[in-house]
>>> print(open('target.pdb').read())   # PDB, C-alpha atoms
ATOM      1  CA  MET A 892     142.285-208.444 -31.036
ATOM      2  CA  LYS A 893     138.898-207.262 -29.796
ATOM      3  CA  ASN A 894     136.937-210.031 -28.117
ATOM      4  CA  ILE A 895     133.524-208.618 -27.239
ATOM      5  CA  VAL A 896     130.842-210.053 -24.972
ATOM      6  CA  ILE A 897     127.479-208.772 -26.211
ATOM      7  CA  PHE A 898     125.069-208.963 -23.335
ATOM      8  CA  GLY A 899     121.370-208.510 -22.669
ATOM      9  CA  ALA A 900     118.128-210.267 -21.973
ATOM     10  CA  PRO A 901     116.531-212.505 -24.598
ATOM     11  CA  GLY A 902     115.145-210.198 -27.307
ATOM     12  CA  SER A 903     117.485-207.286 -26.529
ATOM     13  CA  GLY A 904     118.962-207.313 -30.044
ATOM     14  CA  LYS A 905     122.221-209.198 -29.446
ATOM     15  CA  GLY A 906     121.980-211.227 -32.662
ATOM     16  CA  THR A 907     120.995-208.273 -34.828
ATOM     17  CA  GLN A 908     123.764-206.047 -33.473
ATOM     18  CA  SER A 909     126.275-208.912 -33.686
ATOM     19  CA  ASP A 910     125.548-209.282 -37.410
ATOM     20  CA  LEU A 911     126.214-205.561 -37.945
ATOM     21  CA  LEU A 912     129.449-205.704 -35.915
ATOM     22  CA  ILE A 913     130.704-208.738 -37.824
ATOM     23  CA  GLU A 914     130.172-206.934 -41.124
ATOM     24  CA  HIS A 915     131.674-203.644 -39.878
ATOM     25  CA  TYR A 916     134.744-204.957 -38.014
ATOM     26  CA  GLY A 917     135.356-208.369 -39.599
ATOM     27  CA  LEU A 918     134.917-210.130 -36.260
ATOM     28  CA  GLU A 919     134.127-213.799 -35.798
ATOM     29  CA  HIS A 920     130.909-214.731 -33.995
ATOM     30  CA  ILE A 921     129.964-217.374 -31.471
ATOM     31  CA  SER A 922     126.268-217.512 -30.708
ATOM     32  CA  THR A 923     125.739-220.259 -28.184
ATOM     33  CA  GLY A 924     122.067-220.330 -29.169
ATOM     34  CA  ASP A 925     122.922-220.941 -32.839
ATOM     35  CA  VAL A 926     125.540-223.567 -31.930
ATOM     36  CA  LEU A 927     123.047-225.397 -29.701
ATOM     37  CA  ARG A 928     120.184-225.171 -32.226
ATOM     38  CA  ASN A 929     122.527-226.634 -34.864
ATOM     39  CA  GLU A 930     123.434-229.542 -32.562
ATOM     40  CA  ILE A 931     119.729-230.110 -31.813
ATOM     41  CA  LYS A 932     118.889-230.045 -35.538
ATOM     42  CA  LYS A 933     121.636-232.612 -36.232
ATOM     43  CA  GLY A 934     120.274-234.814 -33.436
ATOM     44  CA  THR A 935     123.671-235.174 -31.725
ATOM     45  CA  GLU A 936     123.982-236.345 -28.116
ATOM     46  CA  LEU A 937     124.852-232.769 -27.158
ATOM     47  CA  GLY A 938     121.754-231.582 -28.996
ATOM     48  CA  LYS A 939     119.507-234.048 -27.199
ATOM     49  CA  THR A 940     120.961-233.064 -23.814
ATOM     50  CA  ALA A 941     120.657-229.357 -24.621
ATOM     51  CA  GLN A 942     117.048-229.764 -25.811
ATOM     52  CA  GLY A 943     116.001-231.016 -22.395
ATOM     53  CA  PHE A 944     117.390-227.910 -20.686
ATOM     54  CA  ILE A 945     116.040-225.499 -23.320
ATOM     55  CA  ASP A 946     112.544-227.003 -23.223
ATOM     56  CA  ASN A 947     112.425-226.189 -19.520
ATOM     57  CA  GLY A 948     113.791-222.640 -19.978
ATOM     58  CA  GLN A 949     117.006-223.616 -18.160
ATOM     59  CA  LEU A 950     120.646-222.817 -18.859
ATOM     60  CA  ILE A 951     123.010-225.430 -20.311
ATOM     61  CA  PRO A 952     125.552-226.698 -17.716
ATOM     62  CA  ASP A 953     128.751-224.633 -17.610
ATOM     63  CA  ASP A 954     131.233-227.406 -18.376
ATOM     64  CA  LEU A 955     129.265-228.364 -21.478
ATOM     65  CA  MET A 956     129.072-224.759 -22.741
ATOM     66  CA  VAL A 957     132.752-223.981 -22.071
ATOM     67  CA  SER A 958     133.958-227.041 -23.964
ATOM     68  CA  ILE A 959     131.711-226.159 -26.929
ATOM     69  CA  LEU A 960     132.918-222.562 -26.816
ATOM     70  CA  ALA A 961     136.617-223.487 -26.713
ATOM     71  CA  LYS A 962     136.190-225.809 -29.704
ATOM     72  CA  VAL A 963     134.474-223.127 -31.793
ATOM     73  CA  TYR A 964     136.923-220.392 -30.677
ATOM     74  CA  ASP A 965     139.929-222.535 -31.606
ATOM     75  CA  SER A 966     138.431-223.226 -35.041
ATOM     76  CA  PHE A 967     139.020-219.534 -35.956
ATOM     77  CA  GLY A 968     142.810-219.948 -35.761
ATOM     78  CA  HIS A 969     145.243-217.397 -34.301
ATOM     79  CA  GLU A 970     144.920-214.571 -36.824
ATOM     80  CA  HIS A 971     141.315-213.468 -36.281
ATOM     81  CA  LYS A 972     140.461-209.832 -35.434
ATOM     82  CA  GLY A 973     138.329-210.839 -32.476
ATOM     83  CA  VAL A 974     135.183-212.720 -31.540
ATOM     84  CA  ILE A 975     131.743-211.606 -30.490
ATOM     85  CA  PHE A 976     130.454-213.849 -27.723
ATOM     86  CA  ASP A 977     126.668-213.767 -28.063
ATOM     87  CA  GLY A 978     124.678-215.545 -25.358
ATOM     88  CA  PHE A 979     127.754-216.446 -23.326
ATOM     89  CA  PRO A 980     128.672-216.026 -20.552
ATOM     90  CA  ARG A 981     125.340-216.102 -18.731
ATOM     91  CA  THR A 982     126.598-216.689 -15.191
ATOM     92  CA  ILE A 983     129.565-215.518 -13.134
ATOM     93  CA  PRO A 984     131.160-219.004 -13.174
ATOM     94  CA  GLN A 985     130.858-218.946 -16.990
ATOM     95  CA  ALA A 986     132.487-215.495 -17.112
ATOM     96  CA  GLU A 987     135.337-216.802 -14.980
ATOM     97  CA  ALA A 988     135.632-219.889 -17.209
ATOM     98  CA  LEU A 989     135.682-217.703 -20.352
ATOM     99  CA  LYS A 990     138.387-215.498 -18.841
ATOM    100  CA  HIS A 991     140.438-218.605 -17.979
ATOM    101  CA  MET A 992     139.919-220.179 -21.424
ATOM    102  CA  LEU A 993     141.056-216.967 -23.141
ATOM    103  CA  ASP A 994     144.003-216.518 -20.721
ATOM    104  CA  GLU A 995     145.224-219.992 -21.692
ATOM    105  CA  ARG A 996     145.352-218.757 -25.291
ATOM    106  CA  GLY A 997     146.972-215.401 -24.474
ATOM    107  CA  ASP A 998     143.712-213.579 -25.239
ATOM    108  CA  LYS A 999     141.144-211.632 -23.208
ATOM    109  CA  VAL A1000     137.721-209.992 -23.341
ATOM    110  CA  ALA A1001     138.151-206.359 -24.428
ATOM    111  CA  ALA A1002     134.612-205.219 -23.518
ATOM    112  CA  MET A1003     131.225-206.383 -22.301
ATOM    113  CA  ILE A1004     128.499-204.447 -24.084
ATOM    114  CA  GLU A1005     125.136-204.535 -22.320
ATOM    115  CA  LEU A1006     122.021-203.888 -24.419
ATOM    116  CA  ALA A1007     119.439-202.656 -21.887
ATOM    117  CA  VAL A1008     115.784-203.051 -22.886
ATOM    118  CA  PRO A1009     112.683-202.837 -20.614
ATOM    119  CA  GLU A1010     110.909-206.148 -19.950
ATOM    120  CA  ASP A1011     107.597-205.225 -21.603
ATOM    121  CA  GLU A1012     109.470-204.427 -24.821
ATOM    122  CA  LEU A1013     111.387-207.720 -24.579
ATOM    123  CA  MET A1014     108.125-209.671 -24.347
ATOM    124  CA  GLN A1015     106.706-207.905 -27.419
ATOM    125  CA  ARG A1016     109.884-208.457 -29.435
ATOM    126  CA  LEU A1017     110.157-212.140 -28.530
ATOM    127  CA  ILE A1018     106.515-212.957 -29.228
ATOM    128  CA  LYS A1019     106.797-211.174 -32.584
ATOM    129  CA  ARG A1020     110.071-213.033 -33.328
ATOM    130  CA  GLY A1021     108.414-216.356 -32.484
ATOM    131  CA  GLN A1022     105.530-215.629 -34.844
ATOM    132  CA  ALA A1023     107.925-214.666 -37.646
ATOM    133  CA  SER A1024     110.575-217.374 -37.187
ATOM    134  CA  GLY A1025     108.610-220.254 -35.754
ATOM    135  CA  ARG A1026     111.177-220.651 -32.951
ATOM    136  CA  ALA A1027     109.517-222.953 -30.429
ATOM    137  CA  ASP A1028     111.185-221.223 -27.456
ATOM    138  CA  ASP A1029     109.603-217.843 -28.334
ATOM    139  CA  ASN A1030     106.230-218.432 -26.674
ATOM    140  CA  GLU A1031     104.894-216.474 -23.701
ATOM    141  CA  GLU A1032     105.339-219.195 -21.074
ATOM    142  CA  THR A1033     108.929-220.034 -22.060
ATOM    143  CA  ILE A1034     109.808-216.336 -22.479
ATOM    144  CA  LYS A1035     108.669-215.651 -18.909
ATOM    145  CA  LYS A1036     110.838-218.534 -17.654
ATOM    146  CA  ARG A1037     113.823-217.272 -19.653
ATOM    147  CA  LEU A1038     113.431-213.761 -18.227
ATOM    148  CA  VAL A1039     113.264-215.121 -14.656
ATOM    149  CA  VAL A1040     116.478-217.087 -15.307
ATOM    150  CA  TYR A1041     118.056-213.971 -16.853
ATOM    151  CA  HIS A1042     117.230-211.780 -13.839
ATOM    152  CA  SER A1043     118.294-214.323 -11.228
ATOM    153  CA  GLN A1044     121.369-215.903 -12.842
ATOM    154  CA  THR A1045     122.561-213.681 -15.656
ATOM    155  CA  GLN A1046     122.019-210.082 -14.556
ATOM    156  CA  PRO A1047     124.662-210.363 -11.751
ATOM    157  CA  LEU A1048     127.243-210.465 -14.576
ATOM    158  CA  ILE A1049     126.783-206.725 -15.019
ATOM    159  CA  GLU A1050     128.409-206.103 -11.624
ATOM    160  CA  TRP A1051     131.117-208.702 -12.301
ATOM    161  CA  TYR A1052     132.119-207.010 -15.564
ATOM    162  CA  LYS A1053     131.958-203.577 -13.890
ATOM    163  CA  GLN A1054     134.502-204.840 -11.361
ATOM    164  CA  GLU A1055     136.648-206.091 -14.251
ATOM    165  CA  GLY A1056     136.448-202.593 -15.788
ATOM    166  CA  LEU A1057     134.924-203.962 -19.001
ATOM    167  CA  HIS A1058     131.199-203.082 -18.709
ATOM    168  CA  HIS A1059     129.602-200.674 -21.216
ATOM    169  CA  HIS A1060     125.877-199.858 -20.935
ATOM    170  CA  ILE A1061     123.981-199.233 -24.196
ATOM    171  CA  ASN A1062     120.345-198.124 -24.367
ATOM    172  CA  GLY A1063     118.768-200.927 -26.417
ATOM    173  CA  LEU A1064     115.634-198.907 -27.272
ATOM    174  CA  GLY A1065     115.613-196.761 -30.368
ATOM    175  CA  THR A1066     116.675-197.122 -33.949
ATOM    176  CA  LEU A1067     118.949-199.914 -35.063
ATOM    177  CA  GLU A1068     121.353-197.326 -36.440
ATOM    178  CA  ARG A1069     121.594-195.307 -33.200
ATOM    179  CA  ILE A1070     122.178-198.432 -31.100
ATOM    180  CA  PHE A1071     124.836-199.660 -33.551
ATOM    181  CA  SER A1072     126.512-196.238 -33.544
ATOM    182  CA  ASP A1073     126.667-196.269 -29.725
ATOM    183  CA  ILE A1074     128.240-199.743 -29.758
ATOM    184  CA  CYS A1075     130.788-198.706 -32.400
ATOM    185  CA  ALA A1076     131.756-195.693 -30.291
ATOM    186  CA  VAL A1077     132.660-198.100 -27.458
ATOM    187  CA  ILE A1078     134.594-200.513 -29.698
ATOM    188  CA  ASP A1079     136.477-197.715 -31.469
ATOM    189  CA  ARG A1080     137.803-196.532 -28.079
ATOM    190  CA  LEU A1081     139.233-199.953 -27.175
TER     191      LEU A1081
END
>>> encode(input="target.pdb", output="structure tokens")
Amino acid sequence: MKNIVIFGAPGSGKGTQSDLLIEHYGLEHISTGDVLRNEIKKGTELGKTAQGFIDNGQLIPDDLMVSILAKVYDSFGHEHKGVIFDGFPRTIPQAEALKHMLDERGDKVAAMIELAVPEDELMQRLIKRGQASGRADDNEETIKKRLVVYHSQTQPLIEWYKQEGLHHHINGLGTLERIFSDICAVIDRL
């Protein structure tokens, strides 16, 4: 089983690369962003709570995210080939909680793949994505807040995963195909 954490700033290509990996390897996918947007769309209590944090460019509380994650992970059953965690973990406590949740199930993270993209490129990608998709959180003010949160709270995960021996750096600039090929080279070695 190859559980993969795909990691990078907003707009680094996590969702796009996840889709390619799912098709290529037959992996399951948990995108916390998609899960939360679905809850918001349904108008659930979780969705209403999450909306308040998202509107302010803040992260969802850890206990809330871990319980959502465990529920989705368990829904795949025991025979899956692995899961791509997209948008989670975003903090060291979340990484520790993910490790614990997987340990309880006899599973583990096989690799953390970091998609590294310069900030000016991230801004361009996210503004373009917002114009194309209509996503309310892809506006310049919210993007800036999300990048500040990423740098202060999320980026320290790189060191944490390096210490775990699971970190793999991928240059997130270039063609889709080259980036995907670099990621596959990492996964094929696991």
>>> atom_distance(input="target.pdb", atom1="CA of Leu955 (chain A)", atom2="CA of Trp1051 (chain A)")
21.8 Å
>>> axis_aligned_box(input="target.pdb", around="region 1012-1027 of chain A", padding_each_side="8 Å", output="lines of an AutoDock Vina configuration file")
center_x = 108.5
center_y = -213.7
center_z = -31.0
size_x = 21.9
size_y = 34.5
size_z = 29.3
>>> atom_distance(input="target.pdb", atom1="CA of Asp954 (chain A)", atom2="CA of Ser909 (chain A)")
24.5 Å
>>> resolve_selection(input="target.pdb", expression="the PyMOL selection byres ((chain A and resi 1014-1027) around 10)", output="list in words")
Pro901, Gly902, Ser903, Gly904, Ile945, Asp946, Pro1009, Glu1010, Asp1011, Glu1012, Leu1013, Asp1028, Asp1029, Asn1030, Glu1031, Thr1033, Ile1034, Lys1035 and Leu1038 of chain A
>>> residues_around(input="target.pdb", residues="Ala1076 (chain A)", least_positions_apart="3", cutoff="12 Å", atoms="all atoms listed in the file", output="list in words")
Leu912, Ile1004, His1059, His1060, Ile1061, Arg1069, Ile1070, Phe1071, Ser1072, Asp1073, Asp1079, Arg1080 and Leu1081 of chain A
>>> write_last_selection(input="target.pdb", atoms="C-alpha atoms", output="PDB file, keeping the file's coordinate frame")
ATOM      1  CA  LEU A 912     129.449-205.704 -35.915  1.00  0.00           C
ATOM      2  CA  ILE A1004     128.499-204.447 -24.084  1.00  0.00           C
ATOM      3  CA  HIS A1059     129.602-200.674 -21.216  1.00  0.00           C
ATOM      4  CA  HIS A1060     125.877-199.858 -20.935  1.00  0.00           C
ATOM      5  CA  ILE A1061     123.981-199.233 -24.196  1.00  0.00           C
ATOM      6  CA  ARG A1069     121.594-195.307 -33.200  1.00  0.00           C
ATOM      7  CA  ILE A1070     122.178-198.432 -31.100  1.00  0.00           C
ATOM      8  CA  PHE A1071     124.836-199.660 -33.551  1.00  0.00           C
ATOM      9  CA  SER A1072     126.512-196.238 -33.544  1.00  0.00           C
ATOM     10  CA  ASP A1073     126.667-196.269 -29.725  1.00  0.00           C
ATOM     11  CA  ASP A1079     136.477-197.715 -31.469  1.00  0.00           C
ATOM     12  CA  ARG A1080     137.803-196.532 -28.079  1.00  0.00           C
ATOM     13  CA  LEU A1081     139.233-199.953 -27.175  1.00  0.00           C
TER      14      LEU A1081
END
>>> atom_distance(input="target.pdb", atom1="CA of Tyr1052 (chain A)", atom2="CA of Ile895 (chain A)")
11.9 Å
>>> closest_residue(input="target.pdb", among="A:Gly973, A:Pro952, A:Gly1056, A:Pro984", to="Glu919 (chain A)", atoms="all atoms listed in the file")
A:Gly973
>>> decode(input="target.pdb", residues="region 985-1044 of chain A", atoms="C-alpha atoms", output="short mmCIF file (atom, residue, chain, number, x, y, z; two decimals), in the first residue's frame")
data_model
loop_
_atom_site.label_atom_id
_atom_site.label_comp_id
_atom_site.auth_asym_id
_atom_site.auth_seq_id
_atom_site.Cartn_x
_atom_site.Cartn_y
_atom_site.Cartn_z
CA GLN A 985 -1.88 17.17 11.83
CA ALA A 986 1.04 15.12 10.48
CA GLU A 987 1.41 13.47 13.87
CA ALA A 988 -2.36 12.84 14.00
CA LEU A 989 -2.29 11.32 10.49
CA LYS A 990 0.61 9.07 11.45
CA HIS A 991 -1.29 7.95 14.57
CA MET A 992 -4.55 7.40 12.66
CA LEU A 993 -2.75 5.26 10.06
CA ASP A 994 -0.77 3.36 12.75
CA GLU A 995 -4.07 2.39 14.39
CA ARG A 996 -5.04 0.78 11.08
CA GLY A 997 -1.67 -0.90 10.48
CA ASP A 998 -0.89 1.55 7.67
CA LYS A 999 1.62 4.37 7.14
CA VAL A 1000 2.59 7.23 4.84
CA ALA A 1001 5.03 5.91 2.21
CA ALA A 1002 6.16 9.33 0.92
CA MET A 1003 5.57 13.06 1.16
CA ILE A 1004 5.93 14.63 -2.27
CA GLU A 1005 6.54 18.38 -2.19
CA LEU A 1006 5.62 20.38 -5.30
CA ALA A 1007 7.81 23.50 -5.07
CA VAL A 1008 6.60 26.56 -7.00
CA PRO A 1009 7.77 30.20 -6.61
CA GLU A 1010 5.24 32.56 -4.99
CA ASP A 1011 4.78 34.87 -7.99
CA GLU A 1012 3.82 31.85 -10.11
CA LEU A 1013 1.41 30.66 -7.40
CA MET A 1014 -0.37 34.03 -7.42
CA GLN A 1015 -0.75 33.95 -11.22
CA ARG A 1016 -2.04 30.38 -11.20
CA LEU A 1017 -4.55 30.99 -8.42
CA ILE A 1018 -5.94 34.21 -9.89
CA LYS A 1019 -6.31 32.46 -13.25
CA ARG A 1020 -7.97 29.45 -11.54
CA GLY A 1021 -10.39 31.77 -9.74
CA GLN A 1022 -11.36 33.45 -13.00
CA ALA A 1023 -11.91 30.08 -14.70
CA SER A 1024 -13.66 28.21 -11.87
CA GLY A 1025 -15.41 30.96 -9.98
CA ARG A 1026 -13.95 29.68 -6.69
CA ALA A 1027 -14.60 32.47 -4.19
CA ASP A 1028 -11.36 31.77 -2.27
CA ASP A 1029 -9.20 32.41 -5.38
CA ASN A 1030 -9.07 36.20 -5.11
CA GLU A 1031 -5.92 38.23 -4.47
CA GLU A 1032 -6.66 39.18 -0.85
CA THR A 1033 -7.58 35.64 0.24
CA ILE A 1034 -4.68 34.14 -1.75
CA LYS A 1035 -2.23 36.39 0.10
CA LYS A 1036 -3.72 35.27 3.44
CA ARG A 1037 -3.52 31.61 2.41
CA LEU A 1038 0.14 31.98 1.41
CA VAL A 1039 0.99 33.64 4.75
CA VAL A 1040 -0.71 30.73 6.56
CA TYR A 1041 1.15 28.26 4.32
CA HIS A 1042 4.56 29.80 5.06
CA SER A 1043 4.01 30.15 8.80
CA GLN A 1044 2.08 26.96 9.63
#
